[in-house]
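Source file: run34.txt. Holds: compact mmCIF, C-alpha atoms.
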```
# COMPACT_ATOMS: atom_id res chain seq x y z
CA MET W 1 -6.90 -9.14 -17.24
CA THR W 2 -6.47 -5.54 -16.14
CA LYS W 3 -7.15 -4.82 -12.49
CA LEU W 4 -7.58 -1.27 -11.24
CA THR W 5 -5.89 -0.46 -7.93
CA PRO W 6 -7.88 0.90 -4.96
CA ARG W 7 -6.32 4.33 -5.57
CA GLN W 8 -7.32 4.33 -9.23
CA LYS W 9 -10.85 3.23 -8.34
CA ASN W 10 -11.23 5.85 -5.62
CA TRP W 11 -10.16 8.66 -7.93
CA LEU W 12 -12.35 7.55 -10.84
CA GLU W 13 -15.36 7.06 -8.59
CA GLY W 14 -14.80 10.33 -6.76
CA THR W 15 -14.00 12.68 -9.62
CA GLY W 16 -15.31 10.93 -12.73
CA ALA W 17 -13.52 11.40 -16.03
CA HIS W 18 -13.12 13.26 -19.26
CA ILE W 19 -14.06 10.59 -21.77
CA GLY W 20 -12.45 10.74 -25.19
CA THR W 21 -14.20 9.02 -28.10
CA ALA W 22 -13.68 9.36 -31.84
CA SER W 23 -15.33 8.45 -35.10
CA LYS W 24 -13.61 5.66 -37.03
CA ASN W 25 -11.85 8.29 -39.10
CA GLY W 26 -10.50 10.11 -36.06
CA VAL W 27 -12.84 13.01 -35.30
CA PRO W 28 -12.74 13.31 -31.49
CA LYS W 29 -15.69 14.07 -29.20
CA VAL W 30 -15.30 14.39 -25.45
CA ILE W 31 -17.84 14.22 -22.64
CA VAL W 32 -17.20 14.94 -18.98
CA VAL W 33 -18.93 12.93 -16.26
CA ASP W 34 -18.19 13.81 -12.65
CA LYS W 35 -18.82 10.42 -11.02
CA ALA W 36 -18.27 6.79 -11.86
CA ILE W 37 -18.70 3.32 -10.44
CA VAL W 38 -16.02 0.68 -10.87
CA GLU W 39 -17.39 -2.83 -11.33
CA ASN W 40 -15.48 -6.13 -11.50
CA ASP W 41 -12.10 -4.44 -10.95
CA SER W 42 -11.82 -3.22 -14.53
CA THR W 43 -15.16 -1.90 -15.78
CA VAL W 44 -15.92 1.76 -15.24
CA LYS W 45 -19.60 2.71 -15.39
CA PHE W 46 -20.83 6.24 -16.05
CA ILE W 47 -24.43 7.44 -15.98
CA LEU W 48 -24.96 9.81 -18.91
CA SER W 49 -27.51 12.54 -19.53
CA GLU W 50 -29.47 12.32 -22.78
CA LYS W 51 -27.30 15.04 -24.31
CA GLN W 52 -24.06 13.32 -23.30
CA LYS W 53 -25.28 10.09 -24.81
CA GLU W 54 -26.37 11.80 -28.05
CA LEU W 55 -22.95 13.32 -28.41
CA ILE W 56 -21.01 10.05 -28.40
CA VAL W 57 -23.43 7.31 -29.42
CA ALA W 58 -22.48 7.39 -33.11
CA ASN W 59 -18.78 7.24 -32.23
CA ILE W 60 -19.19 4.34 -29.81
CA ASN W 61 -21.25 2.41 -32.35
CA GLU W 62 -18.64 2.68 -35.07
CA ASN W 63 -15.50 2.76 -32.88
CA PRO W 64 -15.75 1.52 -29.29
CA ARG W 65 -12.25 2.58 -28.15
CA ALA W 66 -12.31 5.29 -25.45
CA SER W 67 -9.77 7.08 -23.25
CA LEU W 68 -10.36 8.37 -19.73
CA GLY W 69 -8.57 11.13 -17.83
CA PRO W 70 -9.68 11.72 -14.21
CA GLY W 71 -11.72 14.92 -13.82
CA GLY W 72 -11.67 17.83 -11.36
CA ILE W 73 -8.79 17.70 -8.93
CA GLY W 74 -8.20 14.17 -10.15
CA SER W 75 -6.70 15.81 -13.23
CA ILE W 76 -3.95 17.12 -10.95
CA ARG W 77 -3.48 14.39 -8.38
CA ALA W 78 -4.51 11.25 -10.22
CA ALA W 79 -2.02 11.22 -13.08
CA TYR W 80 -3.41 8.28 -15.00
CA GLN W 81 -4.90 7.61 -18.36
CA PHE W 82 -7.21 4.62 -18.79
CA LYS W 83 -8.08 3.18 -22.17
CA GLY W 84 -10.60 0.54 -23.04
CA VAL W 85 -13.62 -0.69 -24.92
CA ALA W 86 -16.82 1.29 -24.44
CA SER W 87 -20.42 0.13 -24.74
CA LEU W 88 -23.75 1.81 -24.09
CA LYS W 89 -26.73 0.22 -22.39
CA GLY W 90 -29.50 2.79 -22.20
CA ASN W 91 -27.93 5.76 -20.49
CA GLU W 92 -25.12 3.78 -18.92
CA LEU W 93 -21.69 3.90 -20.49
CA PHE W 94 -19.39 1.01 -19.63
CA VAL W 95 -15.68 1.21 -20.32
CA ASN W 96 -13.85 -2.07 -19.97
CA VAL W 97 -10.32 -0.86 -19.18
CA ASP W 98 -7.50 -2.77 -20.86
CA GLU W 99 -4.64 -0.24 -20.74
CA ILE W 100 -3.48 2.01 -17.88
CA TYR W 101 -0.75 4.64 -18.22
CA SER W 102 1.01 6.99 -15.83
CA THR W 103 0.70 10.60 -16.94
CA LYS W 104 2.86 11.90 -14.11
CA PRO W 105 4.83 14.80 -15.59
CA GLY W 106 8.49 14.03 -16.20
CA PRO W 107 10.30 10.82 -17.08
CA GLU W 108 7.37 8.57 -16.09
CA ALA W 109 4.83 10.26 -18.37
CA GLY W 110 3.39 7.62 -20.66
CA LEU W 111 4.72 4.67 -18.64
CA ARG W 112 2.39 1.71 -19.07
CA LEU W 113 1.28 0.37 -15.70
CA ASP W 114 -1.22 -2.41 -16.35
CA ASN W 115 1.36 -4.83 -17.69
CA LEU W 116 3.44 -4.63 -14.49
CA PRO W 117 2.83 -7.20 -11.75
CA TYR W 118 -0.02 -5.90 -9.56
CA GLU W 119 2.25 -5.60 -6.49
CA ASP W 120 4.64 -3.43 -8.52
CA ILE W 121 1.83 -1.08 -9.52
CA ILE W 122 0.85 -0.71 -5.86
CA ARG W 123 4.51 -0.06 -5.00
CA PHE W 124 4.76 2.52 -7.79
CA GLU W 125 1.73 4.35 -6.44
CA THR W 126 2.61 4.30 -2.76
CA SER W 127 6.13 5.54 -3.44
CA ARG W 128 4.90 8.47 -5.52
CA TRP W 129 1.67 9.64 -3.92
CA ALA W 130 0.64 9.96 -0.29
CA ASP W 131 -3.12 9.77 -0.88
CA ASP W 132 -5.32 6.79 -1.76
CA GLY W 133 -8.03 8.84 -3.44
CA PRO W 134 -9.74 12.23 -3.34
CA PRO W 135 -10.14 13.98 0.04
CA ARG W 136 -13.21 12.57 1.80
CA MET T 1 -13.02 31.98 -33.08
CA LYS T 2 -12.18 34.42 -30.33
CA LEU T 3 -12.31 33.39 -26.71
CA THR T 4 -14.21 35.53 -24.23
CA LYS T 5 -12.47 37.28 -21.36
CA PRO T 6 -13.76 34.76 -18.76
CA MET T 7 -12.42 31.94 -20.96
CA LYS T 8 -9.05 33.62 -21.32
CA ASP T 9 -8.92 34.27 -17.60
CA ALA T 10 -9.80 30.64 -16.85
CA LEU T 11 -7.05 29.36 -19.13
CA GLN T 12 -4.40 31.71 -17.79
CA ILE T 13 -4.83 31.54 -14.05
CA ILE T 14 -1.64 32.71 -12.46
CA GLY T 15 -1.23 31.61 -8.89
CA LYS T 16 -3.24 29.11 -6.82
CA GLY T 17 -1.88 26.25 -8.90
CA GLY T 18 -3.19 27.45 -12.26
CA ALA T 19 -5.71 25.83 -14.56
CA ILE T 20 -5.69 22.22 -15.70
CA ILE T 21 -7.14 21.00 -18.96
CA HIS T 22 -7.46 17.66 -20.68
CA LEU T 23 -6.25 17.49 -24.25
CA THR T 24 -7.83 14.74 -26.33
CA THR T 25 -6.31 13.79 -29.67
CA SER T 26 -7.00 10.83 -31.91
CA SER T 27 -5.11 8.59 -34.28
CA LEU T 28 -6.36 8.60 -37.85
CA HIS T 29 -8.38 5.50 -37.07
CA GLY T 30 -9.99 6.70 -33.86
CA ILE T 31 -7.70 5.62 -31.02
CA THR T 32 -7.97 8.55 -28.62
CA ASN T 33 -5.52 9.88 -26.08
CA THR T 34 -6.66 12.07 -23.17
CA VAL T 35 -4.01 13.72 -20.99
CA ALA T 36 -4.01 16.48 -18.40
CA GLU T 37 -1.90 19.53 -19.17
CA ARG T 38 -0.94 22.31 -16.80
CA PHE T 39 1.17 24.83 -18.72
CA ILE T 40 -1.47 26.58 -20.81
CA THR T 41 -2.08 30.04 -22.15
CA VAL T 42 -4.14 31.92 -24.72
CA PHE T 43 -2.37 33.57 -27.66
CA LYS T 44 -3.90 36.35 -29.78
CA ASP T 45 -7.43 35.67 -28.51
CA GLU T 46 -8.12 32.57 -30.59
CA TYR T 47 -5.24 30.18 -30.07
CA ILE T 48 -4.60 27.99 -27.02
CA LEU T 49 -0.97 27.09 -26.29
CA ILE T 50 0.29 24.19 -24.17
CA ALA T 51 3.92 23.49 -23.29
CA ASP T 52 4.91 20.23 -25.01
CA MET T 53 6.67 18.24 -22.32
CA PHE T 54 7.35 15.19 -24.48
CA ALA T 55 3.73 14.19 -24.96
CA GLN T 56 4.58 11.13 -27.04
CA LYS T 57 1.19 9.81 -28.11
CA THR T 58 -0.22 13.28 -28.53
CA ARG T 59 2.59 13.96 -30.99
CA VAL T 60 2.04 10.75 -32.92
CA ASN T 61 -1.68 11.52 -33.16
CA LEU T 62 -1.20 15.14 -34.20
CA ASN T 63 1.34 14.15 -36.83
CA GLU T 64 -1.29 12.07 -38.60
CA ASN T 65 -4.50 13.81 -37.51
CA PRO T 66 -3.99 17.47 -36.60
CA THR T 67 -7.11 18.08 -34.55
CA GLY T 68 -7.89 18.15 -30.84
CA VAL T 69 -10.38 18.84 -28.08
CA ILE T 70 -9.50 20.76 -24.91
CA THR T 71 -11.83 20.37 -21.92
CA LEU T 72 -11.34 22.44 -18.81
CA ALA T 73 -10.71 20.12 -15.87
CA HIS T 74 -10.00 22.39 -12.92
CA PRO T 75 -11.29 24.77 -11.67
CA VAL T 76 -14.56 23.92 -13.35
CA LYS T 77 -17.34 25.79 -11.59
CA GLY T 78 -19.27 27.73 -14.25
CA ARG T 79 -16.59 26.89 -16.80
CA THR T 80 -17.78 23.70 -18.44
CA TRP T 81 -16.14 24.52 -21.75
CA SER T 82 -14.83 22.36 -24.51
CA PHE T 83 -12.64 23.91 -27.21
CA SER T 84 -11.91 22.18 -30.47
CA GLY T 85 -9.99 22.94 -33.60
CA ALA T 86 -6.91 22.45 -35.72
CA THR T 87 -4.00 21.44 -33.49
CA THR T 88 -0.31 20.86 -34.06
CA ILE T 89 3.09 21.06 -32.35
CA LEU T 90 5.48 23.90 -33.09
CA GLN T 91 9.13 23.19 -32.44
CA GLU T 92 12.49 24.84 -32.87
CA GLY T 93 14.01 23.86 -36.18
CA LEU T 94 10.94 24.40 -38.31
CA PRO T 95 11.57 26.54 -41.41
CA SER T 96 11.79 30.20 -40.35
CA ASP T 97 8.65 31.10 -42.30
CA PHE T 98 6.58 28.14 -41.05
CA GLU T 99 2.99 29.16 -40.38
CA PHE T 100 0.12 27.35 -38.75
CA GLU T 101 -3.41 28.68 -39.23
CA GLY T 102 -2.21 32.24 -39.70
CA ILE T 103 0.43 32.26 -36.96
CA LYS T 104 4.19 32.17 -37.44
CA ALA T 105 5.86 29.38 -35.48
CA SER T 106 8.79 31.68 -34.70
CA GLU T 107 6.46 34.22 -33.10
CA VAL T 108 4.99 31.60 -30.73
CA LEU T 109 8.31 29.96 -29.91
CA GLU T 110 10.02 33.25 -29.23
CA GLU T 111 7.49 34.06 -26.54
CA TRP T 112 6.59 30.60 -25.21
CA GLY T 113 9.45 28.33 -26.27
CA ASN T 114 10.93 28.58 -22.77
CA TRP T 115 7.89 28.32 -20.50
CA ALA T 116 9.89 27.67 -17.32
CA GLU T 117 11.64 30.99 -17.74
CA LYS T 118 8.48 32.95 -18.59
CA GLU T 119 6.25 31.36 -15.95
CA PRO T 120 8.32 29.33 -13.49
CA PRO T 121 6.33 26.41 -12.05
CA THR T 122 7.50 27.14 -8.52
CA GLU T 123 4.06 27.14 -6.98
CA VAL T 124 3.17 23.68 -8.24
CA PRO T 125 3.36 21.23 -5.29
CA PRO T 126 6.56 19.14 -5.46
CA ASP T 127 4.82 15.75 -5.76
CA ILE T 128 3.00 16.80 -8.92
CA ARG T 129 5.58 19.18 -10.35
CA PRO T 130 7.76 17.88 -13.18
CA PRO T 131 11.16 17.09 -11.63
CA ARG T 132 12.69 19.34 -14.24
CA MET T 133 10.71 21.29 -16.76
CA VAL T 134 11.96 19.97 -20.08
CA GLN T 135 10.06 21.47 -22.95
CA ARG T 136 10.28 20.32 -26.54
CA GLY T 137 7.96 22.79 -28.21
CA VAL T 138 4.49 24.26 -28.02
CA ILE T 139 1.21 22.52 -28.78
CA ILE T 140 -1.08 25.01 -30.49
CA MET T 141 -4.82 24.86 -31.19
CA LYS T 142 -6.68 27.33 -33.32
CA VAL T 143 -10.08 27.30 -31.67
CA ILE T 144 -12.78 26.69 -34.26
CA GLU T 145 -15.67 25.66 -32.02
CA ILE T 146 -16.56 26.07 -28.35
CA ASN T 147 -19.15 23.84 -26.70
CA ASP T 148 -20.67 23.42 -23.28
CA TYR T 149 -19.92 20.06 -21.67
CA SER T 150 -22.24 20.25 -18.66
CA PRO T 151 -24.55 17.21 -18.56
CA GLN T 152 -27.70 19.13 -19.49
CA LYS T 153 -26.11 21.14 -22.30
CA ALA T 154 -23.45 18.72 -23.54
CA GLY T 155 -22.48 19.61 -27.09
CA ASP T 156 -24.37 22.93 -27.23
CA LYS T 157 -22.39 25.51 -29.16
CA ILE T 158 -21.23 28.62 -27.33
CA LYS T 159 -21.09 31.84 -29.31
CA THR T 160 -18.54 34.46 -28.37
```
Would you mind writing the file's structure down as structure tokens?
Amino acid sequence: MTKLTPRQKNWLEGTGAHIGTASKNGVPKVIVVDKAIVENDSTVKFILSEKQKELIVANINENPRASLGPGGIGSIRAAYQFKGVASLKGNELFVNVDEIYSTKPGPEAGLRLDNLPYEDIIRFETSRWADDGPPR
Amino acid sequence: MKLTKPMKDALQIIGKGGAIIHLTTSSLHGITNTVAERFITVFKDEYILIADMFAQKTRVNLNENPTGVITLAHPVKGRTWSFSGATTILQEGLPSDFEFEGIKASEVLEEWGNWAEKEPPTEVPPDIRPPRMVQRGVIIMKVIEINDYSPQKAGDKIKT
């Protein structure tokens, strides 16, 4: 099972994400939510406005796959992409993350992280970034 | 459609680290990919260009489903814009008369095929700068629709 690192959680919670969804025939729709809560190490919860929900509900119902890129300054400092299965409960969007990629520019762009041993992911992060989340 | 001056300015910030966007593409069957991109500009008022730095999944998606969504990620204040439209990758080696949505590939590549030379990424902090700027081509979107993505107006169309 995928387990987000403390750094990944801190960035997602602090800066939210750009959330990519698509219809089953590939028409993309994106919403941007500036905060999140990480539950159970791998589920990211977003609270949506009515309009945000309206925009993606049809996509999620026919195709629950979603991709997340950290928002705000997270788009610069938190070079990750999270992918998973999305579900809506009322105005809450849950994304159960099952793939994590590095999007760090250069040779490590696209490197899959979640299938590495957890200690190796932590080592990867601490050797490449000095922070453990957005400035507090 | 044409971008407004504030939109063009936001997408072409020179200095202070520049603008960051997220580009979302999708496979033909709806598997999306959302990645941050830093080397961005506006071309002829209605096209957005991004340096293609070996964006592998983006390329696979665009090869089978040439459409994308660009959402402004930073700086965002008052700029909660989402741009969507036909999207592809232009690369050296295409036939000399290759056109995409009314633009010649050669025209784009001549000007933006060597981004590092035109706009050196020297001001990007070393820990987030590509170790070496290796560019393979230019991702191009012809903007067809612009929407607001702020929570209260998400999806509302913006007229220019």
- Task: Taking all atoms listed in the file into account, report as a ChimeraX atom specification which residues of chain T lie within 9 Å of chain W.
- Result: /T:20-22,24-38,53-57,65,67-76,80,82,84,127-134,149-156
- Item | Interatomic distance, CA of Thr15 (chain W) to CA of Val38 (chain W) (Å, one decimal) |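 Between these atoms lies a distance of 12.2 Å.
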- For Leu62 (chain T), which of T:Ala86, T:Glu117, T:Glu101, T:Tyr47 is the closest residue, counting all atoms listed in the file?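 Nearest to Leu62 (chain T): T:Ala86.
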- Message: As an exercise, work out the distance from CA of Thr41 (chain T) to CA of Leu11 (chain T) in Å and give it to one decimal place.
- Response: 5.9 Å
- For CA of Gln91 (chain T) and CA of Lys104 (chain T), the interatomic separation in Å (one decimal):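 Computed distance, CA of Gln91 (chain T) to CA of Lys104 (chain T), equals 11.4 Å.
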